[in-house]
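Below: run21.cif (mmCIF, C-alpha atoms)
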```
data_run
#
loop_
_atom_site.group_PDB
_atom_site.id
_atom_site.type_symbol
_atom_site.label_atom_id
_atom_site.label_comp_id
_atom_site.auth_asym_id
_atom_site.auth_seq_id
_atom_site.Cartn_x
_atom_site.Cartn_y
_atom_site.Cartn_z
ATOM 1 C CA MET T 1 110.056 104.459 84.526
ATOM 2 C CA ILE T 2 107.650 105.813 87.081
ATOM 3 C CA ALA T 3 104.792 108.203 86.306
ATOM 4 C CA HIS T 4 101.393 109.205 87.566
ATOM 5 C CA MET T 5 97.962 108.248 86.343
ATOM 6 C CA ASN T 6 94.534 109.608 87.052
ATOM 7 C CA GLU T 7 91.217 107.936 86.297
ATOM 8 C CA GLU T 8 91.024 109.325 82.765
ATOM 9 C CA SER T 9 94.569 108.271 81.880
ATOM 10 C CA LEU T 10 93.920 104.747 83.139
ATOM 11 C CA ARG T 11 90.697 104.589 81.148
ATOM 12 C CA ARG T 12 92.484 105.658 77.974
ATOM 13 C CA THR T 13 95.288 103.203 78.655
ATOM 14 C CA LEU T 14 92.770 100.370 78.830
ATOM 15 C CA GLU T 15 90.857 101.560 75.775
ATOM 16 C CA THR T 16 93.886 102.036 73.535
ATOM 17 C CA GLY T 17 96.263 99.418 74.915
ATOM 18 C CA GLU T 18 98.969 102.094 75.042
ATOM 19 C CA ALA T 19 100.230 103.736 78.214
ATOM 20 C CA VAL T 20 98.676 107.119 78.958
ATOM 21 C CA TYR T 21 99.890 108.978 82.024
ATOM 22 C CA TRP T 22 98.971 112.202 83.731
ATOM 23 C CA SER T 23 101.199 114.929 85.062
ATOM 24 C CA ARG T 24 100.610 118.368 86.502
ATOM 25 C CA LYS T 25 102.754 119.831 83.730
ATOM 26 C CA ARG T 26 101.473 117.878 80.743
ATOM 27 C CA GLY T 27 97.994 116.878 81.824
ATOM 28 C CA LEU T 28 97.017 113.728 79.939
ATOM 29 C CA TRP T 29 100.162 112.363 78.394
ATOM 30 C CA HIS T 30 100.124 109.676 75.744
ATOM 31 C CA LYS T 31 103.654 108.441 76.209
ATOM 32 C CA GLY T 32 105.528 108.392 72.895
ATOM 33 C CA GLU T 33 103.158 110.641 70.971
ATOM 34 C CA GLN T 34 106.087 112.884 70.004
ATOM 35 C CA SER T 35 108.946 110.392 69.842
ATOM 36 C CA GLY T 36 106.923 107.473 68.548
ATOM 37 C CA ASN T 37 108.144 105.416 71.472
ATOM 38 C CA VAL T 38 104.742 104.330 72.703
ATOM 39 C CA GLN T 39 104.293 101.598 75.266
ATOM 40 C CA HIS T 40 102.157 98.637 74.277
ATOM 41 C CA VAL T 41 100.629 97.448 77.522
ATOM 42 C CA ARG T 42 100.764 93.685 77.925
ATOM 43 C CA GLU T 43 99.896 93.246 81.622
ATOM 44 C CA LEU T 44 98.530 95.415 84.425
ATOM 45 C CA TYR T 45 98.918 94.727 88.132
ATOM 46 C CA LEU T 46 97.412 96.525 91.113
ATOM 47 C CA ASP T 47 99.220 96.677 94.446
ATOM 48 C CA CYS T 48 97.997 95.592 97.866
ATOM 49 C CA ASP T 49 96.652 98.953 98.993
ATOM 50 C CA GLY T 50 95.295 99.847 95.586
ATOM 51 C CA ASP T 51 97.219 103.040 94.932
ATOM 52 C CA ALA T 52 99.860 101.863 92.475
ATOM 53 C CA ILE T 53 99.701 100.081 89.143
ATOM 54 C CA LEU T 54 102.515 98.141 87.531
ATOM 55 C CA LEU T 55 102.497 97.994 83.744
ATOM 56 C CA ARG T 56 104.397 95.402 81.789
ATOM 57 C CA VAL T 57 104.893 96.928 78.384
ATOM 58 C CA GLU T 58 106.481 96.313 75.045
ATOM 59 C CA GLN T 59 108.500 99.478 74.608
ATOM 60 C CA GLN T 60 108.404 100.748 71.031
ATOM 61 C CA GLY T 61 111.922 101.814 70.034
ATOM 62 C CA GLY T 62 113.512 100.095 73.006
ATOM 63 C CA ALA T 63 113.894 103.195 75.192
ATOM 64 C CA ALA T 64 111.478 104.382 77.869
ATOM 65 C CA CYS T 65 113.407 107.472 78.950
ATOM 66 C CA HIS T 66 113.302 110.938 77.369
ATOM 67 C CA THR T 67 117.112 110.944 77.620
ATOM 68 C CA GLY T 68 117.195 108.132 75.055
ATOM 69 C CA LYS T 69 118.271 105.573 77.648
ATOM 70 C CA ARG T 70 116.570 102.211 77.802
ATOM 71 C CA SER T 71 115.408 102.884 81.384
ATOM 72 C CA CYS T 72 114.965 106.058 83.410
ATOM 73 C CA PHE T 73 116.867 104.329 86.228
ATOM 74 C CA PHE T 74 120.230 104.611 84.499
ATOM 75 C CA ARG T 75 122.291 105.934 87.415
ATOM 76 C CA GLN T 76 123.602 103.364 89.848
ATOM 77 C CA LEU T 77 125.094 104.136 93.246
ATOM 78 C CA GLU T 78 128.677 102.898 93.308
ATOM 79 C CA GLU T 79 130.983 103.784 96.191
ATOM 80 C CA GLY T 80 128.912 106.801 97.124
ATOM 81 C CA HIS T 81 128.536 108.213 93.614
ATOM 82 C CA TRP T 82 125.805 107.922 91.011
ATOM 83 C CA GLN T 83 127.376 106.337 87.934
ATOM 84 C CA ASP T 84 125.726 106.370 84.541
ATOM 85 C CA VAL T 85 125.283 102.701 83.650
ATOM 86 C CA GLY T 86 122.530 103.303 81.098
ATOM 87 C CA VAL T 87 122.151 101.912 77.631
ATOM 88 C CA GLN T 88 121.841 104.744 75.108
ATOM 89 C CA VAL T 89 119.233 103.720 72.549
ATOM 90 C CA PHE T 90 118.542 106.997 70.724
ATOM 91 C CA ASP T 91 119.871 110.555 70.528
ATOM 92 C CA PRO T 92 117.280 112.798 72.202
ATOM 93 C CA GLU T 93 118.356 115.820 70.139
ATOM 94 C CA LYS T 94 117.473 113.964 66.961
ATOM 95 C CA VAL T 95 114.136 112.822 68.350
ATOM 96 C CA TYR T 96 112.958 115.910 70.202
ATOM 97 C CA GLY T 97 115.011 118.618 68.490
ATOM 98 C CA SER T 98 117.374 120.937 70.359
ATOM 99 C CA MET W 1 106.511 97.050 96.252
ATOM 100 C CA ILE W 2 106.459 100.801 96.182
ATOM 101 C CA ALA W 3 107.072 103.032 99.192
ATOM 102 C CA HIS W 4 108.325 106.471 100.074
ATOM 103 C CA MET W 5 111.684 107.575 101.397
ATOM 104 C CA ASN W 6 112.883 110.774 102.904
ATOM 105 C CA GLU W 7 116.494 111.873 103.374
ATOM 106 C CA GLU W 8 116.834 110.162 106.742
ATOM 107 C CA SER W 9 115.399 106.866 105.520
ATOM 108 C CA LEU W 10 117.770 106.853 102.543
ATOM 109 C CA ARG W 11 120.705 107.621 104.832
ATOM 110 C CA ARG W 12 119.794 104.722 107.124
ATOM 111 C CA THR W 13 119.280 102.439 104.131
ATOM 112 C CA LEU W 14 122.805 103.193 102.954
ATOM 113 C CA GLU W 15 124.311 102.870 106.434
ATOM 114 C CA THR W 16 122.661 99.566 107.295
ATOM 115 C CA GLY W 17 122.321 97.967 103.868
ATOM 116 C CA GLU W 18 118.665 97.241 104.678
ATOM 117 C CA ALA W 19 115.708 99.088 103.194
ATOM 118 C CA VAL W 20 114.309 101.830 105.429
ATOM 119 C CA TYR W 21 111.269 103.709 104.177
ATOM 120 C CA TRP W 22 109.227 106.606 105.433
ATOM 121 C CA SER W 23 105.477 107.012 105.628
ATOM 122 C CA ARG W 24 103.159 109.588 107.113
ATOM 123 C CA LYS W 25 101.615 106.883 109.276
ATOM 124 C CA ARG W 26 104.721 105.047 110.427
ATOM 125 C CA GLY W 27 107.416 107.681 110.150
ATOM 126 C CA LEU W 28 110.761 105.943 109.653
ATOM 127 C CA TRP W 29 109.998 102.361 108.801
ATOM 128 C CA HIS W 30 112.650 99.667 108.843
ATOM 129 C CA LYS W 31 110.916 97.195 106.580
ATOM 130 C CA GLY W 32 110.738 93.761 108.194
ATOM 131 C CA GLU W 33 111.496 94.854 111.762
ATOM 132 C CA GLN W 34 108.341 93.062 112.953
ATOM 133 C CA SER W 35 108.086 90.187 110.490
ATOM 134 C CA GLY W 36 111.812 89.608 110.104
ATOM 135 C CA ASN W 37 111.390 90.002 106.367
ATOM 136 C CA VAL W 38 114.019 92.685 105.899
ATOM 137 C CA GLN W 39 115.296 93.688 102.497
ATOM 138 C CA HIS W 40 119.026 93.384 101.902
ATOM 139 C CA VAL W 41 119.810 96.102 99.400
ATOM 140 C CA ARG W 42 122.068 94.935 96.601
ATOM 141 C CA GLU W 43 121.770 97.777 94.067
ATOM 142 C CA LEU W 44 120.366 101.318 94.036
ATOM 143 C CA TYR W 45 119.368 103.258 90.932
ATOM 144 C CA LEU W 46 118.257 106.876 90.576
ATOM 145 C CA ASP W 47 115.849 107.931 87.849
ATOM 146 C CA CYS W 48 116.301 110.616 85.195
ATOM 147 C CA ASP W 49 114.646 113.463 87.091
ATOM 148 C CA GLY W 50 116.066 112.421 90.437
ATOM 149 C CA ASP W 51 112.857 111.871 92.365
ATOM 150 C CA ALA W 52 112.626 108.083 92.395
ATOM 151 C CA ILE W 53 114.976 105.331 93.537
ATOM 152 C CA LEU W 54 114.862 101.717 92.452
ATOM 153 C CA LEU W 55 116.196 99.170 94.928
ATOM 154 C CA ARG W 56 117.248 95.706 93.937
ATOM 155 C CA VAL W 57 116.978 93.679 97.108
ATOM 156 C CA GLU W 58 117.377 90.202 98.454
ATOM 157 C CA GLN W 59 114.055 89.707 100.189
ATOM 158 C CA GLN W 60 114.433 87.869 103.478
ATOM 159 C CA GLY W 61 111.639 85.299 103.760
ATOM 160 C CA GLY W 62 110.739 85.594 100.085
ATOM 161 C CA ALA W 63 107.736 87.908 100.523
ATOM 162 C CA ALA W 64 107.730 91.680 100.258
ATOM 163 C CA CYS W 65 104.042 92.239 100.963
ATOM 164 C CA HIS W 66 102.348 92.510 104.335
ATOM 165 C CA THR W 67 99.662 90.168 102.964
ATOM 166 C CA GLY W 68 102.263 87.409 102.831
ATOM 167 C CA LYS W 69 102.391 87.505 99.029
ATOM 168 C CA ARG W 70 105.713 87.521 97.248
ATOM 169 C CA SER W 71 104.921 90.881 95.627
ATOM 170 C CA CYS W 72 102.485 93.644 96.487
ATOM 171 C CA PHE W 73 101.417 93.627 92.833
ATOM 172 C CA PHE W 74 99.490 90.385 93.117
ATOM 173 C CA ARG W 75 96.288 91.436 91.365
ATOM 174 C CA GLN W 76 96.307 91.257 87.584
ATOM 175 C CA LEU W 77 93.710 92.773 85.305
ATOM 176 C CA GLU W 78 92.059 90.026 83.305
ATOM 177 C CA GLU W 79 88.972 90.720 81.205
ATOM 178 C CA GLY W 80 88.108 93.798 83.224
ATOM 179 C CA HIS W 81 88.553 92.241 86.667
ATOM 180 C CA TRP W 82 91.444 92.201 89.117
ATOM 181 C CA GLN W 83 92.394 88.570 89.648
ATOM 182 C CA ASP W 84 94.597 87.429 92.508
ATOM 183 C CA VAL W 85 97.589 85.812 90.824
ATOM 184 C CA GLY W 86 99.899 86.163 93.822
ATOM 185 C CA VAL W 87 102.178 83.607 95.380
ATOM 186 C CA GLN W 88 101.329 83.169 99.077
ATOM 187 C CA VAL W 89 104.596 82.830 100.970
ATOM 188 C CA PHE W 90 103.494 83.244 104.583
ATOM 189 C CA ASP W 91 100.333 83.539 106.640
ATOM 190 C CA PRO W 92 100.055 87.145 107.822
ATOM 191 C CA GLU W 93 98.009 86.161 110.887
ATOM 192 C CA LYS W 94 100.853 83.968 112.099
ATOM 193 C CA VAL W 95 103.437 86.667 111.454
ATOM 194 C CA TYR W 96 101.614 89.773 112.622
ATOM 195 C CA GLY W 97 99.002 88.251 114.941
ATOM 196 C CA SER W 98 95.295 88.734 114.469
#
```

Would you mind writing the file out in structure tokens?
Amino acid sequence: MIAHMNEESLRRTLETGEAVYWSRKRGLWHKGEQSGNVQHVRELYLDCDGDAILLRVEQQGGAACHTGKRSCFFRQLEEGHWQDVGVQVFDPEKVYGS
Amino acid sequence: MIAHMNEESLRRTLETGEAVYWSRKRGLWHKGEQSGNVQHVRELYLDCDGDAILLRVEQQGGAACHTGKRSCFFRQLEEGHWQDVGVQVFDPEKVYGS
């Protein structure tokens, strides 16, 4: 998955060991606080120009995506069309309600 | 590495099979056109909300980063400090000049 952080979300990530992001819609967003699918941060990497961070996480529940797929990148381009090649881990209706 | 694309850069990526990005500074940017370290795109994935693309590439020359490191994410957080844990593949002064 890809998400944004601000200074406060990074600070909380480091303090708690669980990924905290930031979005214009949600503000501070402790990933998994509703679904339980938190991300236990194992490693953090900073990129060459210092504006992106890569987290290696242990994904509680096995799915990072709100759709219940293992990864948010579940559509693969095949012969000009995006094909769903995702692994469905949970039913989002059961986790988030309808 | 992480970089931006616009519609034209994605179109050229698909046409040529090599990663083309877009930046405010460079405009259309055919990655590797100077260094020779182009990225042969093997797989493309789209994320759940359709605003990010993941490329799986074969990295010509073995280094994606302009620093000559294998990955742009070569600094790892260890005990509160960013440590260089990168693999140096080429000397950027030799590739890009001084």

For the reference chain T, what are the coordinates of chain W after least-squares fitting (all Cα, in-order pairing), as a PDB file with C-alpha atoms, in the coordinates of the input?
```pdb
ATOM      1  CA  MET W   1     110.063 104.468  84.536  1.00  0.00           C
ATOM      2  CA  ILE W   2     107.649 105.805  87.079  1.00  0.00           C
ATOM      3  CA  ALA W   3     104.800 108.193  86.314  1.00  0.00           C
ATOM      4  CA  HIS W   4     101.398 109.188  87.586  1.00  0.00           C
ATOM      5  CA  MET W   5      97.961 108.248  86.341  1.00  0.00           C
ATOM      6  CA  ASN W   6      94.555 109.605  87.047  1.00  0.00           C
ATOM      7  CA  GLU W   7      91.222 107.933  86.297  1.00  0.00           C
ATOM      8  CA  GLU W   8      91.040 109.321  82.771  1.00  0.00           C
ATOM      9  CA  SER W   9      94.580 108.272  81.883  1.00  0.00           C
ATOM     10  CA  LEU W  10      93.926 104.738  83.135  1.00  0.00           C
ATOM     11  CA  ARG W  11      90.689 104.595  81.148  1.00  0.00           C
ATOM     12  CA  ARG W  12      92.487 105.668  77.969  1.00  0.00           C
ATOM     13  CA  THR W  13      95.298 103.207  78.656  1.00  0.00           C
ATOM     14  CA  LEU W  14      92.777 100.378  78.823  1.00  0.00           C
ATOM     15  CA  GLU W  15      90.852 101.571  75.765  1.00  0.00           C
ATOM     16  CA  THR W  16      93.877 102.039  73.527  1.00  0.00           C
ATOM     17  CA  GLY W  17      96.258  99.422  74.905  1.00  0.00           C
ATOM     18  CA  GLU W  18      98.966 102.104  75.048  1.00  0.00           C
ATOM     19  CA  ALA W  19     100.238 103.734  78.223  1.00  0.00           C
ATOM     20  CA  VAL W  20      98.669 107.119  78.966  1.00  0.00           C
ATOM     21  CA  TYR W  21      99.901 108.969  82.032  1.00  0.00           C
ATOM     22  CA  TRP W  22      98.981 112.186  83.749  1.00  0.00           C
ATOM     23  CA  SER W  23     101.205 114.930  85.087  1.00  0.00           C
ATOM     24  CA  ARG W  24     100.611 118.364  86.524  1.00  0.00           C
ATOM     25  CA  LYS W  25     102.753 119.838  83.763  1.00  0.00           C
ATOM     26  CA  ARG W  26     101.480 117.894  80.773  1.00  0.00           C
ATOM     27  CA  GLY W  27      97.998 116.883  81.838  1.00  0.00           C
ATOM     28  CA  LEU W  28      97.024 113.727  79.955  1.00  0.00           C
ATOM     29  CA  TRP W  29     100.176 112.378  78.411  1.00  0.00           C
ATOM     30  CA  HIS W  30     100.132 109.691  75.752  1.00  0.00           C
ATOM     31  CA  LYS W  31     103.665 108.447  76.210  1.00  0.00           C
ATOM     32  CA  GLY W  32     105.532 108.397  72.903  1.00  0.00           C
ATOM     33  CA  GLU W  33     103.155 110.649  70.961  1.00  0.00           C
ATOM     34  CA  GLN W  34     106.103 112.870  69.979  1.00  0.00           C
ATOM     35  CA  SER W  35     108.959 110.375  69.833  1.00  0.00           C
ATOM     36  CA  GLY W  36     106.926 107.459  68.518  1.00  0.00           C
ATOM     37  CA  ASN W  37     108.149 105.408  71.450  1.00  0.00           C
ATOM     38  CA  VAL W  38     104.741 104.332  72.698  1.00  0.00           C
ATOM     39  CA  GLN W  39     104.299 101.603  75.260  1.00  0.00           C
ATOM     40  CA  HIS W  40     102.150  98.644  74.268  1.00  0.00           C
ATOM     41  CA  VAL W  41     100.625  97.451  77.510  1.00  0.00           C
ATOM     42  CA  ARG W  42     100.752  93.694  77.915  1.00  0.00           C
ATOM     43  CA  GLU W  43      99.893  93.237  81.608  1.00  0.00           C
ATOM     44  CA  LEU W  44      98.526  95.414  84.419  1.00  0.00           C
ATOM     45  CA  TYR W  45      98.920  94.717  88.128  1.00  0.00           C
ATOM     46  CA  LEU W  46      97.406  96.514  91.116  1.00  0.00           C
ATOM     47  CA  ASP W  47      99.223  96.677  94.436  1.00  0.00           C
ATOM     48  CA  CYS W  48      97.995  95.590  97.866  1.00  0.00           C
ATOM     49  CA  ASP W  49      96.640  98.957  98.991  1.00  0.00           C
ATOM     50  CA  GLY W  50      95.289  99.859  95.577  1.00  0.00           C
ATOM     51  CA  ASP W  51      97.220 103.049  94.933  1.00  0.00           C
ATOM     52  CA  ALA W  52      99.864 101.859  92.484  1.00  0.00           C
ATOM     53  CA  ILE W  53      99.711 100.077  89.137  1.00  0.00           C
ATOM     54  CA  LEU W  54     102.517  98.135  87.522  1.00  0.00           C
ATOM     55  CA  LEU W  55     102.495  97.977  83.731  1.00  0.00           C
ATOM     56  CA  ARG W  56     104.378  95.384  81.778  1.00  0.00           C
ATOM     57  CA  VAL W  57     104.883  96.929  78.373  1.00  0.00           C
ATOM     58  CA  GLU W  58     106.472  96.306  75.034  1.00  0.00           C
ATOM     59  CA  GLN W  59     108.505  99.462  74.594  1.00  0.00           C
ATOM     60  CA  GLN W  60     108.407 100.727  71.026  1.00  0.00           C
ATOM     61  CA  GLY W  61     111.912 101.829  70.032  1.00  0.00           C
ATOM     62  CA  GLY W  62     113.506 100.098  73.010  1.00  0.00           C
ATOM     63  CA  ALA W  63     113.886 103.197  75.204  1.00  0.00           C
ATOM     64  CA  ALA W  64     111.490 104.382  77.878  1.00  0.00           C
ATOM     65  CA  CYS W  65     113.407 107.478  78.951  1.00  0.00           C
ATOM     66  CA  HIS W  66     113.304 110.920  77.385  1.00  0.00           C
ATOM     67  CA  THR W  67     117.114 110.940  77.629  1.00  0.00           C
ATOM     68  CA  GLY W  68     117.203 108.147  75.062  1.00  0.00           C
ATOM     69  CA  LYS W  69     118.269 105.584  77.665  1.00  0.00           C
ATOM     70  CA  ARG W  70     116.566 102.225  77.820  1.00  0.00           C
ATOM     71  CA  SER W  71     115.410 102.883  81.394  1.00  0.00           C
ATOM     72  CA  CYS W  72     114.973 106.049  83.417  1.00  0.00           C
ATOM     73  CA  PHE W  73     116.880 104.331  86.228  1.00  0.00           C
ATOM     74  CA  PHE W  74     120.237 104.621  84.511  1.00  0.00           C
ATOM     75  CA  ARG W  75     122.286 105.950  87.421  1.00  0.00           C
ATOM     76  CA  GLN W  76     123.600 103.373  89.863  1.00  0.00           C
ATOM     77  CA  LEU W  77     125.098 104.122  93.244  1.00  0.00           C
ATOM     78  CA  GLU W  78     128.672 102.899  93.315  1.00  0.00           C
ATOM     79  CA  GLU W  79     130.988 103.793  96.189  1.00  0.00           C
ATOM     80  CA  GLY W  80     128.903 106.803  97.129  1.00  0.00           C
ATOM     81  CA  HIS W  81     128.525 108.226  93.621  1.00  0.00           C
ATOM     82  CA  TRP W  82     125.799 107.928  91.005  1.00  0.00           C
ATOM     83  CA  GLN W  83     127.374 106.348  87.941  1.00  0.00           C
ATOM     84  CA  ASP W  84     125.711 106.378  84.539  1.00  0.00           C
ATOM     85  CA  VAL W  85     125.278 102.713  83.655  1.00  0.00           C
ATOM     86  CA  GLY W  86     122.515 103.300  81.111  1.00  0.00           C
ATOM     87  CA  VAL W  87     122.149 101.910  77.635  1.00  0.00           C
ATOM     88  CA  GLN W  88     121.833 104.756  75.108  1.00  0.00           C
ATOM     89  CA  VAL W  89     119.227 103.734  72.552  1.00  0.00           C
ATOM     90  CA  PHE W  90     118.549 106.997  70.727  1.00  0.00           C
ATOM     91  CA  ASP W  91     119.849 110.544  70.539  1.00  0.00           C
ATOM     92  CA  PRO W  92     117.285 112.806  72.208  1.00  0.00           C
ATOM     93  CA  GLU W  93     118.346 115.826  70.134  1.00  0.00           C
ATOM     94  CA  LYS W  94     117.466 113.965  66.951  1.00  0.00           C
ATOM     95  CA  VAL W  95     114.135 112.808  68.343  1.00  0.00           C
ATOM     96  CA  TYR W  96     112.956 115.898  70.187  1.00  0.00           C
ATOM     97  CA  GLY W  97     114.996 118.603  68.445  1.00  0.00           C
ATOM     98  CA  SER W  98     117.353 120.906  70.273  1.00  0.00           C
TER      99      SER W  98
END
```

Item to complete: Taking only C-alpha atoms into account, report as a PyMOL selection string which residues of chain W lie within 7 Å of chain T.
Response: chain W and resi 44-48+72-77

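Note that CA of Lys31 (chain T) and CA of Asn6 (chain T) are 14.2 Å apart.
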
Practice prompt. Mind giving me the straight-line distance from CA of Arg42 (chain T) to CA of Arg70 (chain W) in Å, one decimal?
Written response: 20.9 Å

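Applied to the shown file, the PyMOL selection byres ((chain T and resi 94) around 12) selects the residues T:Gln34, T:Ser35, T:His66, T:Thr67, T:Gly68, T:Val89, T:Phe90, T:Asp91, T:Pro92, T:Glu93, T:Val95, T:Tyr96, T:Gly97, T:Ser98.
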
Worksheet item: Expressed in Å to a single decimal, how great is the separation between CA of Gln59 (chain W) and CA of Arg24 (chain W)?
Response: 23.7 Å

Within 12 Å of Thr13 (chain W) using all atoms listed in the file, minus same-chain residues under 4 positions, as a short mmCIF file (atom, residue, chain, number, x, y, z; two decimals) with C-alpha atoms, keeping the file's coordinate frame:
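Written out: part19.cif:
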```cif
data_model
loop_
_atom_site.label_atom_id
_atom_site.label_comp_id
_atom_site.auth_asym_id
_atom_site.auth_seq_id
_atom_site.Cartn_x
_atom_site.Cartn_y
_atom_site.Cartn_z
CA MET W 5 111.68 107.58 101.40
CA ASN W 6 112.88 110.77 102.90
CA GLU W 7 116.49 111.87 103.37
CA GLU W 8 116.83 110.16 106.74
CA SER W 9 115.40 106.87 105.52
CA GLY W 17 122.32 97.97 103.87
CA GLU W 18 118.66 97.24 104.68
CA ALA W 19 115.71 99.09 103.19
CA VAL W 20 114.31 101.83 105.43
CA TYR W 21 111.27 103.71 104.18
CA TRP W 22 109.23 106.61 105.43
CA LEU W 28 110.76 105.94 109.65
CA TRP W 29 110.00 102.36 108.80
CA HIS W 30 112.65 99.67 108.84
CA LYS W 31 110.92 97.20 106.58
CA VAL W 38 114.02 92.68 105.90
CA GLN W 39 115.30 93.69 102.50
CA HIS W 40 119.03 93.38 101.90
CA VAL W 41 119.81 96.10 99.40
CA ARG W 42 122.07 94.94 96.60
CA GLU W 43 121.77 97.78 94.07
CA LEU W 44 120.37 101.32 94.04
CA ILE W 53 114.98 105.33 93.54
CA LEU W 55 116.20 99.17 94.93
CA VAL W 57 116.98 93.68 97.11
#
```

With 8 Å added on each side, what axis-aligned box encloses every listed atom of region 70-87 of chain W? Give the centre and edge lengths in Å to one decimal, as lines of an AutoDock Vina configuration file.
```
center_x = 96.9
center_y = 88.7
center_z = 89.2
size_x = 33.6
size_y = 26.2
size_z = 32.0
```
